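Visitor: What follows is work03.csv, made up of CSV, C-alpha atoms and all ligand atoms:
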chain,number,residue,atom,x,y,z
A,16,MET,CA,40.3,-4.3,-51.8
A,17,ILE,CA,41.5,-1.8,-54.4
A,18,ILE,CA,45.2,-1.5,-54.8
A,19,GLU,CA,46.2,-0.3,-58.3
A,20,GLN,CA,49.8,-0.9,-59.3
A,21,LEU,CA,52.0,1.9,-60.4
A,22,ASP,CA,53.4,1.7,-64.0
A,23,LYS,CA,56.9,2.4,-62.9
A,24,PRO,CA,58.6,2.6,-59.5
A,25,LEU,CA,58.6,5.9,-57.6
A,26,PRO,CA,61.9,7.8,-57.2
A,27,GLY,CA,63.6,7.0,-53.9
A,28,SER,CA,62.4,10.2,-52.2
A,29,LEU,CA,58.7,9.5,-52.8
A,30,LEU,CA,56.4,6.9,-51.2
A,31,PRO,CA,53.1,5.9,-52.7
A,32,THR,CA,49.8,7.1,-51.3
A,33,LEU,CA,46.6,5.0,-51.2
A,34,SER,CA,45.1,4.6,-54.6
A,35,GLY,CA,42.1,6.8,-55.5
A,36,GLY,CA,39.5,4.1,-55.0
A,37,TYR,CA,40.2,4.2,-51.2
A,38,TYR,CA,38.6,7.6,-51.2
A,39,THR,CA,35.6,7.0,-53.5
A,40,ASP,CA,34.5,3.4,-53.3
A,41,PRO,CA,31.4,2.9,-51.2
A,42,GLY,CA,32.6,-0.7,-50.6
A,43,VAL,CA,35.8,0.6,-49.0
A,44,PHE,CA,33.7,2.9,-46.8
A,45,ALA,CA,31.4,0.1,-45.8
A,46,ALA,CA,34.4,-2.0,-44.8
A,47,GLU,CA,35.9,1.0,-42.8
A,48,GLN,CA,32.6,1.4,-41.0
A,49,GLU,CA,32.5,-2.3,-40.0
A,50,LEU,CA,36.2,-2.9,-39.4
A,51,ILE,CA,37.5,0.4,-38.1
A,52,PHE,CA,34.8,2.7,-36.7
A,53,GLU,CA,32.7,0.0,-35.1
A,54,ARG,CA,35.8,-1.7,-33.6
A,55,SER,CA,37.7,1.4,-32.4
A,56,TRP,CA,37.4,3.6,-29.4
A,57,PHE,CA,35.4,6.4,-31.0
A,58,CYS,CA,35.0,9.8,-29.3
A,59,VAL,CA,31.4,10.9,-29.6
A,60,LEU,CA,30.6,13.8,-27.4
A,61,HIS,CA,31.7,16.0,-24.5
A,62,GLY,CA,30.4,15.2,-21.0
A,63,SER,CA,28.8,18.7,-20.9
A,64,ASP,CA,26.6,17.8,-23.9
A,65,ILE,CA,24.6,15.6,-21.5
A,66,PRO,CA,25.1,17.3,-18.1
A,67,ASN,CA,22.0,16.1,-16.2
A,68,PRO,CA,20.5,12.7,-15.3
A,69,GLY,CA,18.2,11.7,-18.1
A,70,ASP,CA,20.0,13.8,-20.7
A,71,TYR,CA,20.7,11.9,-23.9
A,72,LYS,CA,22.1,12.5,-27.4
A,73,LEU,CA,22.0,10.3,-30.5
A,74,VAL,CA,25.3,9.7,-32.2
A,75,GLN,CA,26.4,7.7,-35.3
A,76,VAL,CA,29.3,5.3,-35.1
A,77,GLY,CA,29.9,3.4,-38.3
A,78,ARG,CA,26.5,1.9,-39.3
A,79,GLU,CA,25.1,2.1,-35.8
A,80,GLN,CA,23.0,4.8,-34.2
A,81,LEU,CA,23.6,5.0,-30.5
A,82,ILE,CA,21.9,6.6,-27.5
A,83,VAL,CA,24.5,8.2,-25.2
A,84,SER,CA,22.9,9.2,-21.9
A,85,ARG,CA,23.5,9.9,-18.2
A,86,ASN,CA,21.8,7.8,-15.5
A,87,ARG,CA,20.5,8.8,-12.1
A,88,LYS,CA,23.9,8.3,-10.6
A,89,ARG,CA,25.3,10.7,-13.3
A,90,GLU,CA,27.2,7.8,-14.9
A,91,ILE,CA,27.4,7.7,-18.7
A,92,ARG,CA,25.7,4.9,-20.5
A,93,ALA,CA,25.5,4.1,-24.2
A,94,PHE,CA,23.1,1.8,-26.0
A,95,PHE,CA,22.2,0.7,-29.6
A,96,ASN,CA,19.1,2.7,-30.5
A,97,VAL,CA,17.2,-0.4,-31.3
A,98,CYS,CA,14.2,-1.6,-29.4
A,99,ARG,CA,14.6,-5.2,-28.2
A,100,HIS,CA,11.0,-6.0,-29.2
A,101,ARG,CA,10.8,-5.5,-32.9
A,102,GLY,CA,13.5,-3.0,-33.6
A,103,MET,CA,12.0,0.4,-33.8
A,104,ARG,CA,14.2,3.3,-33.0
A,105,VAL,CA,13.7,3.9,-29.2
A,106,CYS,CA,14.7,7.6,-29.4
A,107,THR,CA,13.7,9.5,-32.5
A,108,GLU,CA,14.8,13.0,-31.5
A,109,ASP,CA,18.5,13.9,-31.7
A,110,SER,CA,18.7,14.9,-28.0
A,111,GLY,CA,16.5,15.4,-25.0
A,112,ASN,CA,15.9,14.4,-21.4
A,113,ARG,CA,14.0,11.3,-20.4
A,114,ARG,CA,13.0,9.7,-17.1
A,115,SER,CA,13.1,6.4,-19.0
A,116,PHE,CA,13.2,5.4,-22.7
A,117,GLN,CA,9.9,4.3,-24.0
A,118,CYS,CA,9.6,2.9,-27.5
A,119,GLY,CA,6.9,4.6,-29.5
A,120,TYR,CA,5.6,1.3,-31.2
A,121,HIS,CA,4.4,-1.1,-28.5
A,122,ALA,CA,5.6,0.9,-25.4
A,123,TRP,CA,8.4,-1.3,-24.2
A,124,THR,CA,10.0,0.9,-21.6
A,125,TYR,CA,13.7,0.9,-20.4
A,126,ASP,CA,15.2,2.6,-17.5
A,127,LEU,CA,18.3,4.9,-17.7
A,128,ASP,CA,20.5,1.8,-17.3
A,129,GLY,CA,18.8,0.1,-20.2
A,130,THR,CA,16.9,-2.5,-18.2
A,131,LEU,CA,13.4,-3.4,-19.5
A,132,ILE,CA,11.0,-2.1,-16.8
A,133,ALA,CA,7.6,-2.2,-18.4
A,134,ALA,CA,5.8,-3.5,-21.5
A,135,PRO,CA,2.1,-4.3,-22.1
A,136,ASN,CA,1.4,-7.7,-20.6
A,137,LEU,CA,4.9,-8.1,-19.4
A,138,THR,CA,3.7,-9.8,-16.1
A,139,LYS,CA,2.1,-12.5,-18.3
A,140,MET,CA,5.5,-13.3,-19.8
A,141,PRO,CA,7.5,-14.2,-16.6
A,142,ASP,CA,10.2,-16.0,-18.5
A,143,ILE,CA,11.5,-12.7,-20.0
A,144,ASP,CA,14.7,-11.6,-18.3
A,145,ARG,CA,14.5,-7.8,-18.0
A,146,ASP,CA,18.3,-7.4,-18.3
A,147,ASP,CA,18.5,-9.8,-21.3
A,148,TYR,CA,15.8,-7.9,-23.0
A,149,GLY,CA,17.1,-4.5,-22.0
A,150,LEU,CA,18.7,-2.0,-24.4
A,151,GLN,CA,22.0,-3.5,-25.6
A,152,ARG,CA,24.8,-1.6,-23.8
A,153,ILE,CA,28.0,-0.5,-25.4
A,154,HIS,CA,31.4,-0.1,-23.8
A,155,VAL,CA,32.1,3.5,-22.6
A,156,ARG,CA,35.1,5.3,-21.3
A,157,GLU,CA,35.4,8.9,-20.2
A,158,TRP,CA,38.7,10.7,-20.9
A,159,LEU,CA,39.7,14.4,-21.3
A,160,GLY,CA,36.0,15.2,-20.4
A,161,TYR,CA,34.8,13.4,-23.5
A,162,VAL,CA,32.8,10.2,-23.9
A,163,TRP,CA,34.5,7.4,-26.0
A,164,VAL,CA,32.5,4.4,-27.0
A,165,CYS,CA,33.3,1.1,-28.7
A,166,THR,CA,30.6,-1.0,-30.3
A,167,ALA,CA,32.7,-4.1,-30.4
A,168,GLU,CA,31.8,-6.9,-28.0
A,169,ASP,CA,35.4,-7.2,-27.1
A,170,PRO,CA,37.0,-3.7,-27.4
A,171,PRO,CA,40.6,-3.1,-27.9
A,172,SER,CA,42.7,-1.9,-24.9
A,173,PHE,CA,41.9,1.8,-24.4
A,174,GLU,CA,45.4,2.2,-22.9
A,175,GLU,CA,47.1,0.7,-25.9
A,176,ARG,CA,45.0,2.2,-28.7
A,177,VAL,CA,44.1,5.6,-27.4
A,178,LEU,CA,46.7,6.5,-24.7
A,179,GLY,CA,49.3,4.7,-26.9
A,180,GLU,CA,48.8,7.4,-29.6
A,181,VAL,CA,49.6,10.1,-26.9
A,182,VAL,CA,52.8,8.2,-25.9
A,183,GLY,CA,53.7,7.8,-29.6
A,184,ARG,CA,53.5,11.6,-30.1
A,185,LEU,CA,54.5,13.1,-26.8
A,186,GLY,CA,56.6,10.3,-25.3
A,187,GLN,CA,54.4,10.0,-22.2
A,188,VAL,CA,50.8,10.6,-21.2
A,189,GLU,CA,51.9,12.9,-18.4
A,190,SER,CA,52.8,15.6,-20.9
A,191,LEU,CA,49.1,15.8,-21.9
A,192,ASP,CA,48.1,15.6,-18.2
A,193,HIS,CA,49.7,19.0,-17.7
A,194,TYR,CA,46.9,20.6,-19.7
A,195,GLN,CA,44.2,19.2,-17.4
A,196,VAL,CA,41.9,18.9,-20.4
A,197,GLU,CA,39.2,17.2,-18.4
A,198,ASN,CA,38.8,20.3,-16.3
A,199,LEU,CA,38.6,22.7,-19.2
A,200,ARG,CA,35.3,24.1,-20.5
A,201,ILE,CA,34.0,24.5,-24.1
A,202,GLY,CA,34.3,28.2,-25.0
A,203,ARG,CA,33.3,27.7,-28.6
A,204,ARG,CA,32.1,24.9,-30.8
A,205,ILE,CA,31.9,25.0,-34.6
A,206,GLY,CA,30.6,22.2,-36.8
A,207,TYR,CA,31.9,21.8,-40.4
A,208,GLU,CA,30.2,19.7,-43.1
A,209,VAL,CA,33.2,18.7,-45.3
A,210,LYS,CA,32.6,17.2,-48.7
A,211,ALA,CA,35.7,14.9,-48.5
A,212,ASN,CA,36.6,11.5,-47.4
A,213,TRP,CA,37.7,11.3,-43.7
A,214,LYS,CA,41.2,10.0,-44.6
A,215,LEU,CA,42.0,13.1,-46.6
A,216,ILE,CA,41.2,15.1,-43.5
A,217,ILE,CA,43.5,13.0,-41.4
A,218,GLU,CA,46.3,13.0,-43.9
A,219,ASN,CA,46.0,16.8,-44.2
A,220,PHE,CA,46.2,17.1,-40.4
A,221,MET,CA,49.3,14.9,-40.2
A,222,GLU,CA,51.5,17.0,-42.5
A,223,CYS,CA,52.5,20.6,-42.8
A,224,TYR,CA,53.9,20.5,-46.3
A,225,HIS,CA,50.8,22.5,-47.3
A,226,CYS,CA,51.2,25.1,-44.5
A,227,ALA,CA,53.2,27.7,-46.4
A,228,THR,CA,50.7,27.6,-49.3
A,229,ILE,CA,47.4,27.7,-47.5
A,230,HIS,CA,47.9,28.8,-43.9
A,231,PRO,CA,49.2,32.4,-43.9
A,232,GLU,CA,48.0,33.2,-40.4
A,233,LEU,CA,49.3,29.9,-38.9
A,234,THR,CA,52.7,30.2,-40.4
A,235,GLU,CA,52.9,33.8,-39.1
A,236,VAL,CA,52.4,32.5,-35.5
A,237,ILE,CA,54.5,29.4,-36.0
A,238,PRO,CA,57.2,30.3,-38.7
A,239,GLU,CA,58.8,26.9,-38.7
A,240,PHE,CA,55.6,25.5,-40.2
A,241,ALA,CA,56.4,27.4,-43.4
A,242,GLU,CA,59.3,24.9,-43.8
A,243,GLY,CA,56.8,22.1,-44.3
A,244,TRP,CA,57.8,19.8,-41.5
A,245,ALA,CA,54.9,18.9,-39.1
A,246,ALA,CA,55.8,18.8,-35.4
A,247,GLN,CA,54.0,15.4,-35.4
A,248,THR,CA,57.1,13.8,-36.9
A,249,ASN,CA,59.2,14.4,-33.7
A,250,VAL,CA,58.3,12.6,-30.5
A,251,GLY,CA,57.8,15.1,-27.7
A,252,ARG,CA,58.6,18.2,-29.7
A,253,GLY,CA,56.2,21.1,-30.1
A,254,ALA,CA,56.4,23.7,-32.8
A,255,GLU,CA,57.7,27.0,-31.5
A,256,PHE,CA,55.9,30.4,-31.7
A,257,GLY,CA,57.7,33.2,-33.6
A,258,ASP,CA,59.9,35.6,-31.6
A,259,ASP,CA,57.4,38.5,-31.7
A,260,ILE,CA,54.3,36.3,-31.2
A,261,GLU,CA,52.5,36.7,-27.8
A,262,GLY,CA,49.9,34.0,-28.1
A,263,PHE,CA,48.1,31.5,-30.4
A,264,THR,CA,45.7,34.0,-31.9
A,265,VAL,CA,44.8,35.1,-35.4
A,266,ASP,CA,47.1,38.1,-35.2
A,267,GLY,CA,49.7,36.8,-32.7
A,268,SER,CA,48.4,39.0,-29.9
A,269,ALA,CA,48.2,37.6,-26.3
A,270,GLY,CA,45.8,34.9,-25.6
A,271,VAL,CA,43.8,34.4,-22.4
A,272,ILE,CA,44.8,32.9,-19.1
A,273,GLU,CA,47.6,30.3,-19.4
A,274,LEU,CA,46.9,26.8,-18.2
A,275,PRO,CA,48.6,26.7,-14.8
A,276,LEU,CA,50.3,23.3,-14.9
A,277,ILE,CA,52.0,23.3,-18.3
A,278,ALA,CA,55.7,22.6,-18.3
A,279,PRO,CA,58.3,25.2,-19.3
A,280,ASP,CA,58.9,23.3,-22.6
A,281,GLN,CA,55.2,23.6,-23.3
A,282,GLU,CA,55.1,27.4,-23.1
A,283,ARG,CA,55.1,29.2,-26.4
A,284,ARG,CA,54.7,25.9,-28.3
A,285,TYR,CA,52.0,24.1,-30.2
A,286,PHE,CA,51.5,20.3,-30.0
A,287,ALA,CA,49.2,18.1,-32.1
A,288,ILE,CA,48.2,14.5,-31.7
A,289,THR,CA,46.1,12.4,-34.1
A,290,ILE,CA,44.1,9.7,-32.3
A,291,ARG,CA,42.9,7.3,-35.0
A,292,PRO,CA,40.2,7.0,-36.2
A,293,ASN,CA,38.4,10.3,-35.4
A,294,VAL,CA,40.2,12.7,-33.0
A,295,PHE,CA,42.7,15.5,-33.3
A,296,ILE,CA,44.1,17.2,-30.1
A,297,ASN,CA,45.9,20.5,-30.4
A,298,MET,CA,47.5,22.0,-27.3
A,299,VAL,CA,48.7,25.6,-26.9
A,300,PRO,CA,49.6,27.4,-23.7
A,301,ASP,CA,46.1,28.9,-22.9
A,302,HIS,CA,43.7,26.5,-24.6
A,303,VAL,CA,43.2,23.1,-26.2
A,304,ILE,CA,41.3,22.5,-29.5
A,305,ILE,CA,39.7,19.1,-30.1
A,306,HIS,CA,38.3,17.9,-33.4
A,307,ARG,CA,36.0,14.9,-33.7
A,308,MET,CA,35.3,13.5,-37.1
A,309,PHE,CA,32.1,11.7,-38.0
A,310,PRO,CA,32.5,10.1,-41.5
A,311,THR,CA,29.1,10.1,-43.2
A,312,SER,CA,29.9,8.6,-46.6
A,313,GLU,CA,32.9,7.9,-48.8
A,314,SER,CA,32.9,11.5,-49.8
A,315,SER,CA,31.6,13.4,-46.8
A,316,THR,CA,32.6,14.0,-43.2
A,317,TYR,CA,31.1,16.0,-40.4
A,318,VAL,CA,33.7,17.6,-38.2
A,319,GLU,CA,32.9,19.1,-34.8
A,320,CYS,CA,35.6,21.3,-33.3
A,321,ASP,CA,35.7,22.5,-29.7
A,322,TRP,CA,37.9,25.2,-28.2
A,323,LEU,CA,38.5,24.5,-24.5
A,324,PHE,CA,39.6,27.1,-22.0
A,325,LEU,CA,39.9,27.4,-18.2
A,326,PRO,CA,36.5,27.6,-16.5
A,327,GLU,CA,37.3,31.1,-15.2
A,328,VAL,CA,37.9,32.2,-18.8
A,329,VAL,CA,34.5,30.9,-19.9
A,330,ASP,CA,32.7,32.0,-16.8
A,331,ALA,CA,34.0,35.6,-17.0
A,332,GLY,CA,33.1,35.7,-20.7
A,333,LEU,CA,36.6,36.7,-21.7
A,334,ASP,CA,37.0,37.4,-25.4
A,335,VAL,CA,38.4,34.3,-27.0
A,336,SER,CA,37.4,35.3,-30.5
A,337,LYS,CA,41.0,35.8,-31.7
A,338,SER,CA,42.0,32.4,-30.4
A,339,VAL,CA,39.0,30.8,-32.1
A,340,GLN,CA,39.5,32.7,-35.3
A,341,LEU,CA,43.0,31.3,-35.8
A,342,PHE,CA,42.1,27.6,-35.9
A,343,ASP,CA,38.7,28.3,-37.5
A,344,ARG,CA,40.6,29.8,-40.4
A,345,VAL,CA,43.0,26.9,-40.4
A,346,ASN,CA,40.1,24.5,-40.5
A,347,LEU,CA,38.3,26.3,-43.3
A,348,GLN,CA,41.6,26.4,-45.3
A,349,ASP,CA,42.3,22.7,-44.7
A,350,PHE,CA,38.7,21.6,-45.5
A,351,ASP,CA,38.7,23.6,-48.7
A,352,ALA,CA,41.9,21.9,-49.8
A,353,CYS,CA,40.4,18.5,-48.9
A,354,GLU,CA,37.1,19.3,-50.8
A,355,LYS,CA,39.1,20.3,-53.9
A,356,THR,CA,41.1,17.1,-53.7
A,357,GLN,CA,38.1,14.7,-53.2
A,358,PRO,CA,36.7,14.9,-56.8
A,359,ALA,CA,40.1,14.1,-58.3
A,360,MET,CA,40.3,10.9,-56.3
A,361,ALA,CA,37.9,9.5,-58.9
A,362,SER,CA,40.0,10.5,-61.8
A,363,ARG,CA,41.6,7.7,-63.9
A,364,LEU,CA,44.9,9.7,-63.4
A,365,TYR,CA,44.7,8.9,-59.7
A,366,ARG,CA,43.8,5.3,-60.0
A,367,ALA,CA,47.2,4.3,-58.8
A,368,GLY,CA,47.4,7.1,-56.3
A,369,GLY,CA,49.9,10.0,-55.8
A,370,ALA,CA,53.1,10.5,-53.9
A,371,LEU,CA,54.3,11.4,-50.4
A,372,VAL,CA,57.4,13.6,-50.2
A,373,PRO,CA,59.8,13.1,-47.3
A,374,ALA,CA,57.9,15.6,-45.1
A,375,GLU,CA,54.9,13.4,-45.5
A,376,HIS,CA,56.5,10.0,-45.3
A,377,HIS,CA,55.0,9.4,-41.8
A,378,ILE,CA,51.5,9.3,-43.5
A,379,ALA,CA,52.5,6.0,-44.9
A,380,PHE,CA,52.2,4.5,-41.4
A,381,PHE,CA,48.6,5.7,-41.4
A,382,HIS,CA,48.0,4.0,-44.7
A,383,GLU,CA,49.6,0.8,-43.4
A,384,TRP,CA,47.4,0.9,-40.3
A,385,LEU,CA,44.3,1.3,-42.5
A,386,ARG,CA,45.2,-1.5,-44.8
A,387,GLU,CA,45.9,-3.8,-41.9
A,388,ALA,CA,42.6,-2.9,-40.3
A,389,LEU,CA,40.7,-3.6,-43.5
A,390,GLU,CA,42.4,-6.9,-44.1
A,391,ALA,CA,41.8,-8.1,-40.5
A,401,LIG,FE1,9.5,-1.3,-29.6
A,401,LIG,FE2,7.6,-2.9,-30.2
A,401,LIG,S1,9.2,-2.3,-31.5
A,401,LIG,S2,7.9,-1.8,-28.4
In structure tokens, what does this structure look like?
Guide:
Amino acid sequence: MIIEQLDKPLPGSLLPTLSGGYYTDPGVFAAEQELIFERSWFCVLHGSDIPNPGDYKLVQVGREQLIVSRNRKREIRAFFNVCRHRGMRVCTEDSGNRRSFQCGYHAWTYDLDGTLIAAPNLTKMPDIDRDDYGLQRIHVREWLGYVWVCTAEDPPSFEERVLGEVVGRLGQVESLDHYQVENLRIGRRIGYEVKANWKLIIENFMECYHCATIHPELTEVIPEFAEGWAAQTNVGRGAEFGDDIEGFTVDGSAGVIELPLIAPDQERRYFAITIRPNVFINMVPDHVIIHRMFPTSESSTYVECDWLFLPEVVDAGLDVSKSVQLFDRVNLQDFDACEKTQPAMASRLYRAGGALVPAEHHIAFFHEWLREALEA
């Protein structure tokens, strides 16, 4: 693994970043795919992306392409998109609806639970166990209305790894429960192709040292962000709206209908949680914004961002554009900064990395987690 040494020690107020190679080396990315994305709980889609029995969607997790589908009992299933006969992709369209999954090569056919149900001459091969030769299933959890998968044979504890991140940020999972995210509906979804390594996007999300420079609208709504301290550094604390701000919107005007069960200390505040390796959750009084990242190479990442509102807001077609506009601008500003940082990661000047100021010191824990995962 690449760890370049600094020529001289950093001053006490600075901590080192990862070295540039972590963001540019295809070998590091390959290791991350195998040791992080394929071994973590990875959030792939929202349940409403596959609402009906037989609906499926293809997703990429690490090096693996997966079929995520809904069976006749409306339960979510996930499989490797690899035919058990001679390996052809069983599904070749990104999404669709199937009564069963039939491979286009020799017509091996699997039901919606992955069991092998038909194949030419199958009755003449009575020793073939139809479950053993079914599509290989993957561990699935549903949480917050989203589908989380883990391709590892023995997945880590969801409670420790995923819910643990919520506890680490909010102090308790119950604080997130107040937002009833699983009952909210997607009011808007925007996808972003970002030409930057996924870790730059996470690091950017974790700190607010950049907020005063690149987020004029956000710091207008949350003035304390202009001081550079991210709310993520204080357990349980949300960042407060400015005195004259009515809602989390691009111009500070009132938002839509407030979520009914949020606690008094969640009103007029913004909370953010990073769930490694691919999810950001942002909570404000009337909506929740969820980012899912899909790292596609050492220098590119696809980010899908959902704005979730109460069902009555979406059903009534209430205007949510000012709410969407605020975080869409934040996203574009952040991703632009990440894209302008990515090329310099390959510079010889960044071979030993850069520095984290005190407002960014907590990012060192992310780097420590990454190094430990890669050394595992
Ligand atoms: Fe799928 Fe032969 S490879 S049926």
Visitor: Show me a table, sorted first by chain and then by increasing residue number, of the residues of chain A having an atom at most 7 Å from ligand LIG 401 (chain A), each with its shortest atom pair and the distance in Å to one decimal, counting only C-alpha atoms and all ligand atoms and written as a Markdown table.
Guide:
| residue | atom | partner | partner_atom | distance |
| --- | --- | --- | --- | --- |
| A:Cys98 | CA | A:LIG401 | FE1 | 4.7 |
| A:Arg99 | CA | A:LIG401 | FE1 | 6.6 |
| A:His100 | CA | A:LIG401 | FE2 | 4.7 |
| A:Arg101 | CA | A:LIG401 | S1 | 3.8 |
| A:Gly102 | CA | A:LIG401 | S1 | 4.8 |
| A:Met103 | CA | A:LIG401 | S1 | 4.5 |
| A:Val105 | CA | A:LIG401 | FE1 | 6.7 |
| A:Cys118 | CA | A:LIG401 | FE1 | 4.7 |
| A:Gly119 | CA | A:LIG401 | FE1 | 6.4 |
| A:Tyr120 | CA | A:LIG401 | FE2 | 4.8 |
| A:His121 | CA | A:LIG401 | S2 | 3.6 |
| A:Ala122 | CA | A:LIG401 | S2 | 4.6 |
| A:Trp123 | CA | A:LIG401 | S2 | 4.3 |
Visitor: Quick one: pull the distance between atom CA of Ile132 of chain A and atom CA of Gly69 of chain A, Å, one decimal.
Guide: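 Between atom CA of Ile132 of chain A and atom CA of Gly69 of chain A the gap is 15.6 Å.
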Visitor: So the first atom is atom CA of His376 of chain A and the second is atom CA of Glu222 of chain A; what is the distance between them in Å, to one decimal place?
Guide: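 Answer for the atom CA of His376 of chain A to atom CA of Glu222 of chain A separation: 9.0 Å.
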Visitor: Which neighbours of Asp146 of chain A fall inside 12 Å, counting all atoms listed in the file, when residues of the same chain fewer than 4 positions from it are skipped, and could you give them as an MDAnalysis selection string?
Guide: chainID A and resid 99 125:126 128:133 142 150:152
Visitor: Write out as a tab-separated table the residues of segment 115-198 of chain A that have any atom within 6 Å of an atom of segment 42-63 of chain A, one row each with the nearest atom pair and its distance in Å to one decimal, counting all atoms listed in the file, sorted by chain and then rising number.
Guide:
residue	atom	partner	partner_atom	distance
A:Gly160	CA	A:Gly62	CA	5.6
A:Tyr161	CA	A:His61	CA	4.2
A:Val162	CA	A:Leu60	CA	5.5
A:Trp163	CA	A:Cys58	CA	4.1
A:Val164	CA	A:Phe57	CA	5.3
A:Cys165	CA	A:Trp56	CA	4.9
A:Thr166	CA	A:Glu53	CA	5.3
A:Ala167	CA	A:Arg54	CA	5.1
Visitor: What lies within 7 Å of segment 361-375 of chain A using all atoms listed in the file, ignoring chain neighbours under 4 positions off, as a list of chain:residue names?
Guide: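 Within the cut-off, the hits are A:Glu19, A:Gln20, A:Leu21, A:Ser28, A:Leu29, A:Leu30, A:Pro31, A:Thr32, A:Leu33, A:Ser34, A:Gly35, A:Gly36, A:Thr39, A:Glu222, A:Tyr224, A:Gly243, A:Trp244.
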Visitor: Convert the current residue selection to file output with C-alpha atoms, as a PDB file, in the frame of the given file.
Guide:
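The result, stored in again_5.pdb:
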ATOM      1  CA  GLU A  19      46.200  -0.300 -58.300  1.00  0.00           C
ATOM      2  CA  GLN A  20      49.800  -0.900 -59.300  1.00  0.00           C
ATOM      3  CA  LEU A  21      52.000   1.900 -60.400  1.00  0.00           C
ATOM      4  CA  SER A  28      62.400  10.200 -52.200  1.00  0.00           C
ATOM      5  CA  LEU A  29      58.700   9.500 -52.800  1.00  0.00           C
ATOM      6  CA  LEU A  30      56.400   6.900 -51.200  1.00  0.00           C
ATOM      7  CA  PRO A  31      53.100   5.900 -52.700  1.00  0.00           C
ATOM      8  CA  THR A  32      49.800   7.100 -51.300  1.00  0.00           C
ATOM      9  CA  LEU A  33      46.600   5.000 -51.200  1.00  0.00           C
ATOM     10  CA  SER A  34      45.100   4.600 -54.600  1.00  0.00           C
ATOM     11  CA  GLY A  35      42.100   6.800 -55.500  1.00  0.00           C
ATOM     12  CA  GLY A  36      39.500   4.100 -55.000  1.00  0.00           C
ATOM     13  CA  THR A  39      35.600   7.000 -53.500  1.00  0.00           C
ATOM     14  CA  GLU A 222      51.500  17.000 -42.500  1.00  0.00           C
ATOM     15  CA  TYR A 224      53.900  20.500 -46.300  1.00  0.00           C
ATOM     16  CA  GLY A 243      56.800  22.100 -44.300  1.00  0.00           C
ATOM     17  CA  TRP A 244      57.800  19.800 -41.500  1.00  0.00           C
TER      18      TRP A 244
END
Visitor: Please provide as an MDAnalysis selection string all residues within 9 Å of Asn219 of chain A, with the sequence filter that same-chain residues fewer than 4 positions apart are discarded (counting only C-alpha atoms).
Guide: chainID A and resid 214:215 223:225 349:350 352:353
Visitor: Have a look at A:His230, A:Arg252, A:Arg291, A:Arg284 and name the one nearest to Leu347 of chain A; count only C-alpha atoms.
Guide: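 Comparing A:His230, A:Arg252, A:Arg291, A:Arg284 against Leu347 of chain A, the winner is A:His230.
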Visitor: What's the 8 Å shell around Ile288 of chain A, counting only C-alpha atoms, without same-chain residues fewer than 2 positions away, as number ranges by chain?
Guide: A: 180-181, 184, 247, 286, 290, 295-297
Visitor: Between A:Glu235, A:Asp169, A:Glu255, A:Glu90, which is the closest to Ile65 of chain A once you count only C-alpha atoms?
Guide: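 When distances to Ile65 of chain A are compared using only C-alpha atoms, the smallest one comes from A:Glu90.
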Visitor: Name the residues in contact with segment 328-342 of chain A at a cut-off of 9 Å, using all atoms listed in the file, excluding same-chain residues fewer than 5 positions from it; report them as a list in words.
Guide: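 The filter keeps Arg200, Ile201, Gly202, Arg203, Glu232, Leu233, Gly262, Phe263, Thr264, Val265, Asp266, Gly267, Ser268, Gly270, Val271, Ile272, His302, Ile304, Trp322, Leu323 and Leu347 of chain A.
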Visitor: Report as a Markdown table the residues of segment 254-362 of chain A within 9 Å of segment 71-77 of chain A, each with its shortest atom pair and distance in Å (one decimal), using all atoms listed in the file, ordered by chain and increasing residue number.
Guide:
| residue | atom | partner | partner_atom | distance |
| --- | --- | --- | --- | --- |
| A:Phe309 | CA | A:Gln75 | CA | 7.5 |
| A:Pro310 | CA | A:Gly77 | CA | 7.9 |
| A:Thr311 | CA | A:Gly77 | CA | 8.3 |
Visitor: Let me make sure I understand: among A:Trp158, A:Ile217, A:Glu239, A:Asn293, which one has the smallest atom-to-atom distance to Asp192 of chain A if we use only C-alpha atoms?
Guide: A:Trp158
Visitor: Taking all atoms listed in the file into account, name the residue in A:Asn67, A:Gln195, A:Ser172, A:Thr289 that is nearest to Met221 of chain A.
Guide: A:Thr289
Visitor: Pick out the closest residue to Leu274 of chain A from this set: A:Arg113, A:Lys88, A:Arg78, A:His193. Count only C-alpha atoms.
Guide: A:His193
Visitor: From (17.3, 8.1, -13.0), in the file's coordinates, out to 7 Å: which residues are reached, counting all atoms listed in the file? Answer as an MDAnalysis selection string.
Guide: chainID A and resid 68:69 86:87 114 127
Visitor: Using only C-alpha atoms for the distances, tell me which of A:Ile91, A:Ala227, A:Leu25, A:Ile378 is nearest to Val155 of chain A.
Guide: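 Of the candidates, the smallest distance to Val155 of chain A is held by A:Ile91.
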Visitor: What does the distance between atom CA of Val97 of chain A and atom CA of Ser314 of chain A come to in Å, to one decimal place?
Guide: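 About the pair atom CA of Val97 of chain A and atom CA of Ser314 of chain A: they are 27.0 Å apart.
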